[in-house]
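Asker: Just dropping this structure here.
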Amino acid sequence: MERIRKGDEVVVIAGKNKGKRGTVLLRVDSDHLLVEGINVVKKHVRPNPMKGVAGGIIDKTMPIDQSNVMLFNPATSKGDRVGIKLVDGKRVRVFKSNGVVVGAKQ
């Protein structure tokens, strides 16, 4: 079970974007995430009239390693570690600091 999933709110704990928060848009592979507004780079794009692409410099979100982010805990307003617990025969993710199920309405 993946501890960080698409749609989760995360906080960056290392790198040039340390301290910023964003939402996971996509899991690129088992180790990398695409986080909204994090690790944005300038990319030079060639014009391609066959595809209708105009050339220029665009902002592109690049993947970030999952080891550099933590799941955001709204109860403590900090990043938090995540554990797995069995509840009613199902495996659910819980925050390590207070044991609250991830994504549960409070």
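FYI, nothing fancy with the structure tokens labels: chains A, B, ... in order, residues from 1 per chain, ligands from 1 as they appear.
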Can you build me a table of segment 2-82 of chain A residues sitting at most 12 Å from segment 92-96 of chain A, with the closest atom pair per residue and its distance in Å to one decimal, using only C-alpha atoms, sorted by chain and residue number, as a tab-separated table?

Answerer:
residue	atom	partner	partner_atom	distance
A:Glu2	CA	A:Arg93	CA	9.1
A:Arg3	CA	A:Arg93	CA	6.9
A:Ile4	CA	A:Arg93	CA	9.3
A:Arg5	CA	A:Arg93	CA	10.6
A:Asp8	CA	A:Arg93	CA	11.7
A:Met70	CA	A:Phe95	CA	10.7
A:Leu71	CA	A:Phe95	CA	8.6
A:Phe72	CA	A:Phe95	CA	9.4
A:Asn73	CA	A:Phe95	CA	7.4
A:Pro74	CA	A:Phe95	CA	10.5
A:Ala75	CA	A:Phe95	CA	10.0
A:Thr76	CA	A:Phe95	CA	10.4
A:Lys78	CA	A:Phe95	CA	11.1
A:Gly79	CA	A:Phe95	CA	9.7
A:Asp80	CA	A:Phe95	CA	6.4
A:Arg81	CA	A:Lys96	CA	5.5
A:Val82	CA	A:Phe95	CA	4.8

Asker: For Met62 of chain A, list every protein, DNA or RNA residue within 10 Å, evaluated using only C-alpha atoms, and leave out those in the same chain fewer than 3 positions away; present the list as a PyMOL selection string.

Answerer: chain A and resi 28+32-41+59

Asker: Tell me which protein, DNA and RNA residues are within 8 Å of His44 of chain A, counting only C-alpha atoms, leaving out same-chain ones fewer than 4 positions away, and put them as an MDAnalysis selection string.

Answerer: chainID A and resid 55:58

Asker: Just to be explicit: take each residue in the selection above, keep C-alpha atoms, and write the result as a compact mmCIF listing (two decimals), in the first residue's frame.

Answerer:
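Printed below is again-v2.txt as written:
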# COMPACT_ATOMS: atom_id res chain seq x y z
CA GLY A 55 7.32 27.89 -29.37
CA GLY A 56 8.62 29.73 -26.35
CA ILE A 57 9.46 29.27 -22.70
CA ILE A 58 6.87 27.42 -20.61

Asker: Which residue gives the smallest distance to Val69 of chain A among A:Val11, A:Arg21, A:Lys6, A:Val53, with only C-alpha atoms counted?

Answerer: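 Answer, going by the shortest atom-to-atom distance: A:Val11.
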
Asker: Determine the nearest neighbour of Lys18 of chain A from the options A:Asn68, A:Ser30, A:Gly52, A:Pro63, counting only C-alpha atoms.

Answerer: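 Looking at the shortest contact to Lys18 of chain A, the residue is A:Asn68.
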
Asker: Name the residues of segment 18-90 of chain A that fall into strand (DSSP E or B) according to DSSP on the backbone, using the chain letters and numbers of this document, as number ranges by chain.

Answerer: A: 21-27, 32-35, 40-45, 48, 53, 56-61, 64-65, 69-73, 78-80, 82-87, 90

Asker: Suppose you want the space between atom CA of Gly99 of chain A and atom CA of Lys85 of chain A; what is it in Å?

Answerer: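 Going from atom CA of Gly99 of chain A over to atom CA of Lys85 of chain A, I get 9.3 Å.
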
Asker: Using only C-alpha atoms, which of A:Gly15, A:Pro49, A:Gly22, A:Gly7 sits nearest Ser67 of chain A?

Answerer: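 Closest to Ser67 of chain A of all the choices is A:Gly15.
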